[in-house]
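With mmCIF, C-alpha atoms and all ligand atoms inside, this is target.cif:
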```cif
data_target
loop_
_atom_site.label_atom_id
_atom_site.label_comp_id
_atom_site.auth_asym_id
_atom_site.auth_seq_id
_atom_site.Cartn_x
_atom_site.Cartn_y
_atom_site.Cartn_z
CA MET A 1 -27.42 54.47 -34.28
CA THR A 2 -27.44 58.00 -35.77
CA PRO A 3 -30.53 59.13 -37.71
CA VAL A 4 -28.47 59.06 -40.89
CA LEU A 5 -27.37 55.49 -40.29
CA ARG A 6 -30.91 54.50 -39.48
CA SER A 7 -32.29 55.98 -42.69
CA LEU A 8 -29.49 54.28 -44.62
CA ARG A 9 -30.46 51.03 -43.09
CA LEU A 10 -34.08 51.60 -44.02
CA ALA A 11 -33.03 52.39 -47.59
CA ALA A 12 -30.98 49.20 -47.72
CA VAL A 13 -33.93 47.20 -46.45
CA SER A 14 -36.26 48.62 -49.09
CA LEU A 15 -33.70 47.88 -51.82
CA VAL A 16 -33.58 44.29 -50.67
CA ALA A 17 -37.37 44.21 -50.72
CA VAL A 18 -37.45 45.49 -54.30
CA ALA A 19 -34.75 43.04 -55.36
CA GLY A 20 -36.78 40.29 -53.73
CA LEU A 21 -39.81 41.24 -55.80
CA CYS A 22 -37.82 41.11 -59.03
CA ALA A 23 -36.13 37.80 -58.35
CA PRO A 24 -38.21 35.59 -56.06
CA ALA A 25 -36.27 32.51 -57.19
CA ALA A 26 -33.13 33.93 -55.58
CA ALA A 27 -34.46 33.11 -52.08
CA ALA A 28 -32.46 30.35 -50.36
CA GLU A 29 -33.96 26.90 -50.74
CA PRO A 30 -35.05 25.54 -47.38
CA ALA A 31 -32.76 22.82 -46.06
CA LEU A 32 -35.55 20.78 -44.52
CA ARG A 33 -39.15 19.87 -45.21
CA ALA A 34 -41.22 19.45 -42.08
CA VAL A 35 -44.84 18.58 -41.44
CA ALA A 36 -46.65 19.62 -38.26
CA SER A 37 -49.90 17.99 -37.19
CA PHE A 38 -51.85 21.17 -36.32
CA SER A 39 -51.68 24.94 -36.78
CA ILE A 40 -50.39 25.93 -33.33
CA LEU A 41 -47.50 23.48 -33.51
CA GLY A 42 -46.85 24.55 -37.10
CA ASP A 43 -46.28 28.14 -35.94
CA LEU A 44 -43.86 27.00 -33.21
CA VAL A 45 -41.86 24.93 -35.73
CA ARG A 46 -41.73 27.93 -38.11
CA GLN A 47 -40.50 30.20 -35.31
CA VAL A 48 -37.64 27.86 -34.45
CA GLY A 49 -36.92 26.66 -37.98
CA GLY A 50 -36.82 30.07 -39.64
CA GLU A 51 -36.11 30.11 -43.34
CA ARG A 52 -34.13 26.87 -43.35
CA VAL A 53 -37.33 24.89 -42.81
CA ALA A 54 -40.40 24.65 -45.04
CA VAL A 55 -43.30 23.77 -42.74
CA GLU A 56 -46.59 22.27 -43.85
CA VAL A 57 -49.53 21.91 -41.48
CA LEU A 58 -52.01 19.02 -41.71
CA VAL A 59 -54.90 20.35 -39.60
CA GLY A 60 -55.17 23.98 -40.60
CA PRO A 61 -56.68 26.98 -38.79
CA GLY A 62 -60.28 26.46 -37.70
CA SER A 63 -60.19 22.67 -37.98
CA ASP A 64 -60.39 20.20 -35.10
CA ALA A 65 -57.36 17.90 -34.72
CA HIS A 66 -59.13 15.62 -32.20
CA VAL A 67 -61.46 14.17 -34.82
CA TYR A 68 -59.29 14.55 -37.87
CA SER A 69 -58.81 11.97 -40.57
CA PRO A 70 -55.86 12.47 -42.91
CA LYS A 71 -56.45 12.67 -46.65
CA PRO A 72 -54.47 10.52 -49.13
CA ALA A 73 -52.65 13.61 -50.49
CA GLN A 74 -51.33 14.27 -47.01
CA ALA A 75 -49.68 10.85 -46.83
CA LYS A 76 -47.69 12.03 -49.84
CA GLN A 77 -46.77 15.30 -48.07
CA VAL A 78 -45.60 13.32 -45.06
CA GLY A 79 -43.67 10.90 -47.25
CA GLN A 80 -41.66 13.79 -48.70
CA ALA A 81 -40.80 15.36 -45.34
CA GLN A 82 -37.64 14.72 -43.33
CA LEU A 83 -39.30 15.66 -40.07
CA VAL A 84 -42.77 15.27 -38.65
CA PHE A 85 -43.95 17.05 -35.50
CA SER A 86 -46.95 15.96 -33.50
CA ASN A 87 -48.29 17.08 -30.13
CA GLY A 88 -48.61 13.67 -28.48
CA MET A 89 -50.66 12.79 -25.35
CA GLY A 90 -53.41 11.36 -27.55
CA PHE A 91 -54.26 14.69 -29.20
CA ASP A 92 -53.18 13.73 -32.71
CA GLY A 93 -53.07 9.96 -32.29
CA TRP A 94 -53.98 9.53 -35.98
CA MET A 95 -50.39 10.49 -36.77
CA THR A 96 -49.08 6.97 -36.03
CA ARG A 97 -51.29 5.44 -38.73
CA LEU A 98 -50.47 8.23 -41.15
CA LEU A 99 -46.70 7.77 -40.74
CA LYS A 100 -47.12 4.08 -41.35
CA SER A 101 -49.26 4.46 -44.45
CA ALA A 102 -46.90 7.13 -45.81
CA GLY A 103 -43.89 4.85 -45.28
CA PHE A 104 -42.28 7.72 -43.37
CA LYS A 105 -38.57 7.11 -42.74
CA GLY A 106 -37.62 10.48 -41.24
CA ARG A 107 -37.60 11.75 -37.69
CA HIS A 108 -40.83 12.00 -35.70
CA VAL A 109 -40.68 14.61 -32.93
CA ILE A 110 -43.33 14.55 -30.22
CA ALA A 111 -43.43 18.15 -29.04
CA SER A 112 -44.78 17.38 -25.55
CA GLU A 113 -42.14 14.74 -24.81
CA GLY A 114 -40.80 14.98 -21.26
CA ILE A 115 -43.68 17.19 -20.04
CA ARG A 116 -45.65 15.84 -17.12
CA PRO A 117 -49.27 15.97 -18.25
CA LEU A 118 -52.13 17.30 -16.18
CA LYS A 119 -54.86 14.74 -15.78
CA ALA A 120 -58.15 15.36 -17.51
CA ALA A 121 -61.17 15.77 -15.22
CA ALA A 122 -62.61 12.31 -14.54
CA ASP A 123 -65.36 11.35 -16.94
CA GLU A 124 -68.89 11.68 -15.65
CA HIS A 125 -69.27 7.98 -14.95
CA GLY A 126 -66.29 8.24 -12.64
CA HIS A 127 -64.51 5.16 -13.96
CA GLY A 128 -61.63 4.46 -16.26
CA PRO A 129 -58.21 5.97 -15.68
CA ALA A 130 -58.13 9.75 -16.06
CA ALA A 131 -56.56 10.51 -19.43
CA ALA A 132 -53.66 12.92 -19.92
CA ASP A 133 -54.86 16.37 -20.91
CA PRO A 134 -53.06 17.09 -24.21
CA HIS A 135 -53.68 20.88 -24.39
CA VAL A 136 -50.24 21.73 -22.99
CA TRP A 137 -49.78 24.77 -25.26
CA GLN A 138 -52.30 26.71 -23.17
CA ASP A 139 -49.56 27.20 -20.56
CA MET A 140 -46.82 29.38 -22.02
CA ALA A 141 -44.22 28.24 -19.50
CA ARG A 142 -44.69 24.63 -20.62
CA VAL A 143 -44.38 25.64 -24.27
CA GLN A 144 -40.72 26.40 -23.51
CA ALA A 145 -40.26 22.60 -23.43
CA TYR A 146 -41.98 22.32 -26.84
CA VAL A 147 -39.54 24.86 -28.23
CA LYS A 148 -36.57 22.89 -26.84
CA ASN A 149 -37.89 19.63 -28.28
CA ILE A 150 -38.45 21.28 -31.66
CA ALA A 151 -34.92 22.77 -31.73
CA GLN A 152 -33.44 19.41 -30.72
CA GLY A 153 -35.35 17.60 -33.48
CA LEU A 154 -34.29 20.16 -36.09
CA CYS A 155 -30.64 20.01 -34.94
CA ALA A 156 -30.66 16.22 -35.17
CA ALA A 157 -31.97 16.36 -38.74
CA ASP A 158 -29.85 19.32 -39.93
CA ALA A 159 -26.62 19.83 -37.99
CA ALA A 160 -25.54 22.68 -40.27
CA GLY A 161 -28.56 24.73 -39.15
CA CYS A 162 -28.28 23.94 -35.46
CA ASP A 163 -26.79 27.29 -34.41
CA SER A 164 -29.61 29.07 -36.17
CA TYR A 165 -32.29 26.84 -34.58
CA ARG A 166 -30.81 27.37 -31.12
CA ARG A 167 -30.66 31.12 -31.65
CA HIS A 168 -34.28 31.27 -32.81
CA ALA A 169 -35.37 29.04 -29.94
CA ALA A 170 -33.65 31.29 -27.39
CA ALA A 171 -35.14 34.47 -28.87
CA TYR A 172 -38.62 32.96 -29.10
CA GLY A 173 -38.27 31.60 -25.56
CA GLN A 174 -37.78 35.18 -24.38
CA GLN A 175 -40.93 36.27 -26.17
CA LEU A 176 -42.84 33.42 -24.55
CA ASP A 177 -41.56 34.42 -21.16
CA ALA A 178 -42.43 38.09 -21.64
CA LEU A 179 -46.01 37.31 -22.71
CA ASP A 180 -46.40 34.76 -19.92
CA GLN A 181 -45.54 37.52 -17.41
CA GLU A 182 -47.92 39.93 -19.18
CA ILE A 183 -50.78 37.42 -18.92
CA ARG A 184 -50.10 36.86 -15.22
CA ARG A 185 -50.13 40.61 -14.60
CA ALA A 186 -53.39 41.00 -16.53
CA TRP A 187 -55.14 38.33 -14.44
CA SER A 188 -53.81 39.64 -11.15
CA ALA A 189 -56.19 42.60 -11.51
CA ILE A 190 -59.27 40.31 -11.59
CA PRO A 191 -60.69 39.06 -8.25
CA THR A 192 -60.25 35.27 -7.99
CA GLN A 193 -63.96 34.53 -7.44
CA GLN A 194 -64.83 36.24 -10.75
CA ARG A 195 -62.46 34.06 -12.74
CA LEU A 196 -64.97 31.40 -13.78
CA VAL A 197 -65.43 30.86 -17.49
CA ILE A 198 -67.47 28.42 -19.58
CA SER A 199 -66.02 27.11 -22.84
CA SER A 200 -67.06 24.44 -25.34
CA HIS A 201 -64.68 21.63 -24.37
CA ASP A 202 -62.09 21.04 -21.63
CA ALA A 203 -59.21 22.61 -23.53
CA PHE A 204 -58.08 25.12 -20.92
CA GLY A 205 -56.86 22.96 -18.02
CA TYR A 206 -53.28 24.18 -18.46
CA TYR A 207 -54.35 27.79 -18.85
CA ALA A 208 -56.45 27.36 -15.70
CA SER A 209 -53.60 25.96 -13.70
CA ALA A 210 -51.02 28.45 -14.99
CA TYR A 211 -53.05 31.63 -14.66
CA GLY A 212 -55.51 30.87 -11.86
CA VAL A 213 -58.73 30.82 -13.88
CA ARG A 214 -61.50 28.20 -13.56
CA PHE A 215 -63.00 26.75 -16.72
CA LEU A 216 -66.06 24.54 -17.04
CA ALA A 217 -67.16 22.89 -20.26
CA PRO A 218 -69.99 20.64 -21.47
CA GLN A 219 -67.54 18.49 -23.48
CA GLY A 220 -64.47 16.70 -22.14
CA VAL A 221 -60.81 16.98 -23.15
CA SER A 222 -61.59 15.53 -26.53
CA THR A 223 -64.34 16.55 -28.91
CA ASP A 224 -64.80 12.98 -30.17
CA SER A 225 -67.85 12.28 -27.99
CA GLU A 226 -71.02 14.30 -27.55
CA ALA A 227 -71.83 16.06 -24.31
CA SER A 228 -74.54 14.13 -22.44
CA ALA A 229 -77.86 15.70 -21.49
CA GLN A 230 -77.13 15.05 -17.79
CA GLY A 231 -73.71 16.64 -18.13
CA VAL A 232 -75.21 19.77 -19.67
CA ALA A 233 -77.96 19.96 -17.02
CA ARG A 234 -75.35 19.66 -14.27
CA LEU A 235 -73.26 22.38 -15.87
CA VAL A 236 -76.30 24.68 -16.09
CA ARG A 237 -76.97 24.15 -12.34
CA GLN A 238 -73.35 24.82 -11.54
CA ILE A 239 -73.28 28.03 -13.60
CA ARG A 240 -76.34 29.31 -11.74
CA GLN A 241 -74.95 28.41 -8.32
CA GLU A 242 -71.44 29.68 -8.86
CA LYS A 243 -72.30 32.72 -10.95
CA ALA A 244 -69.95 32.09 -13.85
CA SER A 245 -68.67 35.29 -15.37
CA ALA A 246 -68.31 34.49 -19.03
CA LEU A 247 -69.50 32.06 -21.69
CA PHE A 248 -67.45 31.36 -24.79
CA VAL A 249 -67.78 29.42 -28.02
CA GLU A 250 -64.51 28.00 -29.33
CA SER A 251 -63.49 28.53 -32.92
CA ILE A 252 -63.34 24.78 -33.62
CA ALA A 253 -66.65 23.94 -31.95
CA ASP A 254 -70.30 23.76 -32.95
CA PRO A 255 -71.83 26.83 -31.23
CA ARG A 256 -75.24 25.22 -30.56
CA LEU A 257 -74.38 23.69 -27.21
CA ILE A 258 -73.04 26.96 -25.80
CA GLU A 259 -76.10 28.78 -27.21
CA GLN A 260 -78.37 26.30 -25.40
CA ILE A 261 -76.49 26.89 -22.14
CA ALA A 262 -76.76 30.64 -22.72
CA ARG A 263 -80.57 30.33 -23.07
CA GLU A 264 -80.91 28.17 -19.96
CA THR A 265 -78.70 30.28 -17.72
CA GLY A 266 -79.41 33.76 -19.05
CA LEU A 267 -75.65 34.20 -19.37
CA LYS A 268 -74.88 35.80 -22.71
CA ALA A 269 -72.27 34.14 -24.89
CA SER A 270 -69.36 36.42 -25.65
CA GLY A 271 -69.32 37.64 -29.24
CA ALA A 272 -65.63 36.80 -29.40
CA GLY A 273 -64.69 33.15 -29.80
CA LEU A 274 -61.83 31.49 -27.95
CA TYR A 275 -58.99 29.79 -29.77
CA SER A 276 -58.37 26.52 -28.00
CA ASP A 277 -56.83 23.97 -30.36
CA SER A 278 -56.30 26.00 -33.52
CA LEU A 279 -55.00 29.35 -34.67
CA ALA A 280 -57.19 31.79 -36.58
CA PRO A 281 -56.81 31.86 -40.38
CA GLN A 282 -55.82 35.53 -40.17
CA GLY A 283 -55.65 38.47 -37.80
CA GLU A 284 -54.20 38.69 -34.31
CA ALA A 285 -54.82 35.04 -33.35
CA ALA A 286 -53.09 33.72 -36.47
CA SER A 287 -49.90 33.16 -34.46
CA TYR A 288 -49.40 31.33 -31.17
CA LEU A 289 -48.29 34.45 -29.28
CA GLY A 290 -51.17 36.43 -30.80
CA MET A 291 -53.65 33.71 -29.89
CA MET A 292 -52.58 33.69 -26.23
CA ARG A 293 -52.73 37.47 -26.05
CA TYR A 294 -56.11 37.56 -27.78
CA ASN A 295 -57.67 34.82 -25.60
CA THR A 296 -56.52 36.55 -22.44
CA ARG A 297 -57.86 39.91 -23.54
CA VAL A 298 -61.32 38.65 -24.54
CA LEU A 299 -61.62 36.51 -21.39
CA ILE A 300 -60.83 39.46 -19.15
CA ALA A 301 -63.03 41.84 -21.16
CA ALA A 302 -66.01 39.46 -20.82
CA ILE A 303 -65.51 39.16 -17.07
CA GLN A 304 -65.17 42.90 -16.65
CA ALA A 305 -68.31 43.50 -18.72
CA ARG A 306 -70.44 41.53 -16.22
ZN ZN B 401 -59.10 20.04 -27.55
#
```

Would you mind giving the structure from this file in structure tokens?
Amino acid sequence: MTPVLRSLRLAAVSLVAVAGLCAPAAAAEPALRAVASFSILGDLVRQVGGERVAVEVLVGPGSDAHVYSPKPAQAKQVGQAQLVFSNGMGFDGWMTRLLKSAGFKGRHVIASEGIRPLKAAADEHGHGPAAADPHVWQDMARVQAYVKNIAQGLCAADAAGCDSYRRHAAAYGQQLDALDQEIRRAWSAIPTQQRLVISSHDAFGYYASAYGVRFLAPQGVSTDSEASAQGVARLVRQIRQEKASALFVESIADPRLIEQIARETGLKASGAGLYSDSLAPQGEAASYLGMMRYNTRVLIAAIQAR
């Protein structure tokens, strides 16, 4: 493009922006109303849906979907949607009840469908079947399957928009792939034995397996039960023995447990929180791609600061 053409294009864009300000009602009405169970999934649905889809999120940034209970107003939101997206694997199991109470007649898409789950670490009593670890989004390669499932669900509900959903899905898939490679490159510079990190709950199993980082946590794959005193004591011993590199509080978690572990091990908690199950309300980690980039950067910075 010549400089002249480029400046013309810029001028055209700013005219459109001004016109948009004058006549906000002129924007195309979305073809679909969708509800997503939590903020990370909401961003993925927005990326694929584009402007044809109005997306509402039930568990917003900073809130914990594991222990969520839907409010009556949200049953109404769900009742008015054509599509509902949940994560599945027991993460947002409250959705089943909500769909029932809302009398939802639309399409329910389970974003993790078809993905083979990692098993959660066995509980400390060592009995009961190991549960599926639902935190699939922490592995960017597996999120490609989320994006496919989302596009398929949108296409099934709105055939006229299918080309657009497929195009967005393909473009976003490329962004996922590029960042996935970037994260792998970033970790390859860190010696394997230094890649041991403590977080609040076991939310990083997929990140661990994808990017070769070890995570330990006082709480299990769900936040619905308290960490036991023995579990915390064992973790403190393990941190001392294995010389963990970094200690993190998650944005959705009560910081007190990590602060206690910091006191007992002398390992300082990183000032930056990790985003495990929720996006940030604003800033870099307010999108899924931004969250993955941010988490990786603060993890590596904490390890390098040791
Ligand atoms: Zn979690």

Counting only C-alpha atoms and all ligand atoms, give me one row per residue of chain A with an atom at most 7 Å from an atom of ligand ZN 401 (chain B), showing the shortest contact pair and its distance in Å to one decimal, sorted by chain then residue number, as a tab-separated table.
```
residue	atom	partner	partner_atom	distance
A:His66	CA	B:ZN401	ZN	6.4
A:His135	CA	B:ZN401	ZN	6.3
A:His201	CA	B:ZN401	ZN	6.6
A:Asp202	CA	B:ZN401	ZN	6.7
A:Ala203	CA	B:ZN401	ZN	4.8
A:Val221	CA	B:ZN401	ZN	5.6
A:Ser222	CA	B:ZN401	ZN	5.3
A:Thr223	CA	B:ZN401	ZN	6.4
A:Ser276	CA	B:ZN401	ZN	6.5
A:Asp277	CA	B:ZN401	ZN	5.3
```

Set out as CSV a contact list for segment 36-139 of chain A and segment 179-187 of chain A with a cut-off of 12 Å, giving each residue of segment 36-139 of chain A that qualifies its closest atom pair and distance in Å to one decimal, counting all atoms listed in the file, ordered by chain and rising residue number.
```
residue,atom,partner,partner_atom,distance
A:Trp137,CA,A:Asp180,CA,11.8
A:Gln138,CA,A:Asp180,CA,10.5
A:Asp139,CA,A:Asp180,CA,8.2
```

Protein/DNA/RNA residues near (-30.9, 29.9, -39.2), cut 8 Å, only C-alpha atoms, as a list of chain:residue names: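 Here is the list of nearby residues: A:Gly49, A:Gly50, A:Glu51, A:Arg52, A:Gly161, A:Cys162, A:Asp163, A:Ser164, A:Tyr165, A:Arg167, A:His168.
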
Residue subset to file, keeping C-alpha atoms, as an mmCIF file, in the frame of the given file:
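The file below, again_31.cif, is the result:
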```cif
data_model
loop_
_atom_site.group_PDB
_atom_site.id
_atom_site.type_symbol
_atom_site.label_atom_id
_atom_site.label_comp_id
_atom_site.auth_asym_id
_atom_site.auth_seq_id
_atom_site.Cartn_x
_atom_site.Cartn_y
_atom_site.Cartn_z
ATOM 1 C CA GLY A 49 -36.920 26.660 -37.980
ATOM 2 C CA GLY A 50 -36.820 30.070 -39.640
ATOM 3 C CA GLU A 51 -36.110 30.110 -43.340
ATOM 4 C CA ARG A 52 -34.130 26.870 -43.350
ATOM 5 C CA GLY A 161 -28.560 24.730 -39.150
ATOM 6 C CA CYS A 162 -28.280 23.940 -35.460
ATOM 7 C CA ASP A 163 -26.790 27.290 -34.410
ATOM 8 C CA SER A 164 -29.610 29.070 -36.170
ATOM 9 C CA TYR A 165 -32.290 26.840 -34.580
ATOM 10 C CA ARG A 167 -30.660 31.120 -31.650
ATOM 11 C CA HIS A 168 -34.280 31.270 -32.810
#
```

Nearest-residue call for Gln175 of chain A, choices A:Ala141, A:Met95, A:Ala75, A:Val35, using only C-alpha atoms: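 Nearest candidate to Gln175 of chain A out of A:Ala141, A:Met95, A:Ala75, A:Val35: A:Ala141.
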
Please, what distance in Å, to one decimal, runs between atom CA of Gly79 of chain A and atom CA of Phe104 of chain A?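 Those two atoms sit 5.2 Å apart.
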
Nearest to Ala178 of chain A among A:Val197, A:Ala227, A:Val136, A:Leu289, with distances taken over all atoms listed in the file: which residue is it?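 Once distances to Ala178 of chain A are computed over all atoms listed in the file, the minimum belongs to A:Leu289.
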
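Atom CA of Lys76 of chain A is positioned 23.8 Å from atom CA of Pro281 of chain A.
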
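For the choices A:Val147, A:Arg116, A:Leu32, A:Tyr211, the atom-to-atom distance to Thr296 of chain A is smallest for A:Tyr211 when using all atoms listed in the file.
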
Within 12 Å of Ala280 of chain A, counting only C-alpha atoms, which residues show up once you throw out same-chain ones fewer than 5 positions away? Write them as a list in words, please.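 My reading of the contact set: Phe38, Ser39, Ile40, Asp43, Gly60, Pro61, Gly62, Ser63, Glu250, Ser251, Ile252, Gly273, Leu274, Tyr275, Ala285, Ala286, Ser287, Tyr288, Leu289, Gly290, Met291, Met292, Tyr294 and Asn295 of chain A.
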
Save the residues we just selected, C-alpha atoms, as a PDB file, keeping the file's coordinate frame?
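Final output, saved to out_13.pdb:
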```pdb
ATOM      1  CA  PHE A  38     -51.850  21.170 -36.320  1.00  0.00           C
ATOM      2  CA  SER A  39     -51.680  24.940 -36.780  1.00  0.00           C
ATOM      3  CA  ILE A  40     -50.390  25.930 -33.330  1.00  0.00           C
ATOM      4  CA  ASP A  43     -46.280  28.140 -35.940  1.00  0.00           C
ATOM      5  CA  GLY A  60     -55.170  23.980 -40.600  1.00  0.00           C
ATOM      6  CA  PRO A  61     -56.680  26.980 -38.790  1.00  0.00           C
ATOM      7  CA  GLY A  62     -60.280  26.460 -37.700  1.00  0.00           C
ATOM      8  CA  SER A  63     -60.190  22.670 -37.980  1.00  0.00           C
ATOM      9  CA  GLU A 250     -64.510  28.000 -29.330  1.00  0.00           C
ATOM     10  CA  SER A 251     -63.490  28.530 -32.920  1.00  0.00           C
ATOM     11  CA  ILE A 252     -63.340  24.780 -33.620  1.00  0.00           C
ATOM     12  CA  GLY A 273     -64.690  33.150 -29.800  1.00  0.00           C
ATOM     13  CA  LEU A 274     -61.830  31.490 -27.950  1.00  0.00           C
ATOM     14  CA  TYR A 275     -58.990  29.790 -29.770  1.00  0.00           C
ATOM     15  CA  ALA A 285     -54.820  35.040 -33.350  1.00  0.00           C
ATOM     16  CA  ALA A 286     -53.090  33.720 -36.470  1.00  0.00           C
ATOM     17  CA  SER A 287     -49.900  33.160 -34.460  1.00  0.00           C
ATOM     18  CA  TYR A 288     -49.400  31.330 -31.170  1.00  0.00           C
ATOM     19  CA  LEU A 289     -48.290  34.450 -29.280  1.00  0.00           C
ATOM     20  CA  GLY A 290     -51.170  36.430 -30.800  1.00  0.00           C
ATOM     21  CA  MET A 291     -53.650  33.710 -29.890  1.00  0.00           C
ATOM     22  CA  MET A 292     -52.580  33.690 -26.230  1.00  0.00           C
ATOM     23  CA  TYR A 294     -56.110  37.560 -27.780  1.00  0.00           C
ATOM     24  CA  ASN A 295     -57.670  34.820 -25.600  1.00  0.00           C
TER      25      ASN A 295
END
```

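Interatomic distance, atom CA of Gly173 of chain A against atom CA of Phe85 of chain A: 18.5 Å.
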
Here is a test: counting all atoms listed in the file, which residue of A:Val53, A:Leu196, A:Ala244, A:Ile261 is nearest to Gly231 of chain A?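 Closest to Gly231 of chain A of all the choices is A:Ile261.
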
Quick one: residues within 10 Å of Gly271 of chain A, all atoms listed in the file, excluding same-chain residues fewer than 6 positions away - as a PyMOL selection string? chain A and resi 247-249+298+302

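Distances from A:Gly114, A:Pro218, A:Gly153, A:Pro134 to Gly205 of chain A were compared using all atoms listed in the file, and the smallest one belongs to A:Pro134.
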
Nearby residues (all atoms listed in the file) at most 8 Å from Val45 of chain A, same-chain spacing under 3 positions excluded, as a VMD selection string: chain A and resid 36 41 to 42 48 to 49 55 147 150

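In terms of minimum interatomic distance to Tyr206 of chain A, A:Ala120 ranks closest within A:Leu257, A:Ala120, A:Ala81, A:Val236, counting all atoms listed in the file.
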
Residue rebuild result segment 232-238 of chain A, all heavy atoms as a CSV table (one decimal), in the coordinates of the input:
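So the final result, stored in result39.csv, reads:
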```csv
chain,number,residue,atom,x,y,z
A,232,VAL,N,-74.8,18.4,-19.4
A,232,VAL,CA,-75.2,19.8,-19.7
A,232,VAL,C,-76.1,20.3,-18.6
A,232,VAL,O,-75.9,21.5,-18.1
A,232,VAL,CB,-75.9,19.9,-21.0
A,232,VAL,CG1,-76.4,21.3,-21.3
A,232,VAL,CG2,-74.9,19.5,-22.2
A,233,ALA,N,-77.1,19.5,-18.1
A,233,ALA,CA,-78.0,20.0,-17.0
A,233,ALA,C,-77.2,20.3,-15.8
A,233,ALA,O,-77.4,21.3,-15.1
A,233,ALA,CB,-79.0,18.9,-16.7
A,234,ARG,N,-76.2,19.4,-15.5
A,234,ARG,CA,-75.4,19.7,-14.3
A,234,ARG,C,-74.5,21.0,-14.4
A,234,ARG,O,-74.4,21.7,-13.5
A,234,ARG,CB,-74.4,18.5,-14.1
A,234,ARG,CG,-73.8,18.4,-12.7
A,234,ARG,CD,-73.0,17.1,-12.5
A,234,ARG,NE,-72.1,16.9,-13.5
A,234,ARG,CZ,-71.9,15.7,-14.1
A,234,ARG,NH1,-72.7,14.7,-13.8
A,234,ARG,NH2,-71.1,15.5,-15.1
A,235,LEU,N,-74.0,21.2,-15.6
A,235,LEU,CA,-73.3,22.4,-15.9
A,235,LEU,C,-74.1,23.6,-15.7
A,235,LEU,O,-73.7,24.6,-15.1
A,235,LEU,CB,-72.7,22.3,-17.3
A,235,LEU,CG,-71.8,23.5,-17.7
A,235,LEU,CD1,-70.6,23.7,-16.8
A,235,LEU,CD2,-71.3,23.3,-19.1
A,236,VAL,N,-75.4,23.6,-16.2
A,236,VAL,CA,-76.3,24.7,-16.1
A,236,VAL,C,-76.6,25.0,-14.6
A,236,VAL,O,-76.5,26.2,-14.2
A,236,VAL,CB,-77.6,24.4,-16.8
A,236,VAL,CG1,-78.7,25.4,-16.4
A,236,VAL,CG2,-77.4,24.4,-18.4
A,237,ARG,N,-76.8,23.9,-13.8
A,237,ARG,CA,-77.0,24.2,-12.3
A,237,ARG,C,-75.7,24.8,-11.7
A,237,ARG,O,-75.9,25.7,-10.9
A,237,ARG,CB,-77.2,22.8,-11.6
A,237,ARG,CG,-78.7,22.3,-11.8
A,237,ARG,CD,-79.0,21.3,-10.7
A,237,ARG,NE,-78.0,20.1,-10.7
A,237,ARG,CZ,-78.1,19.1,-11.6
A,237,ARG,NH1,-79.2,19.0,-12.4
A,237,ARG,NH2,-77.3,18.1,-11.6
A,238,GLN,N,-74.6,24.3,-12.1
A,238,GLN,CA,-73.4,24.8,-11.5
A,238,GLN,C,-73.1,26.3,-11.9
A,238,GLN,O,-72.7,27.1,-11.1
A,238,GLN,CB,-72.2,24.0,-12.0
A,238,GLN,CG,-71.0,24.1,-11.1
A,238,GLN,CD,-69.9,23.1,-11.6
A,238,GLN,OE1,-70.1,22.3,-12.5
A,238,GLN,NE2,-68.7,23.2,-11.0
```
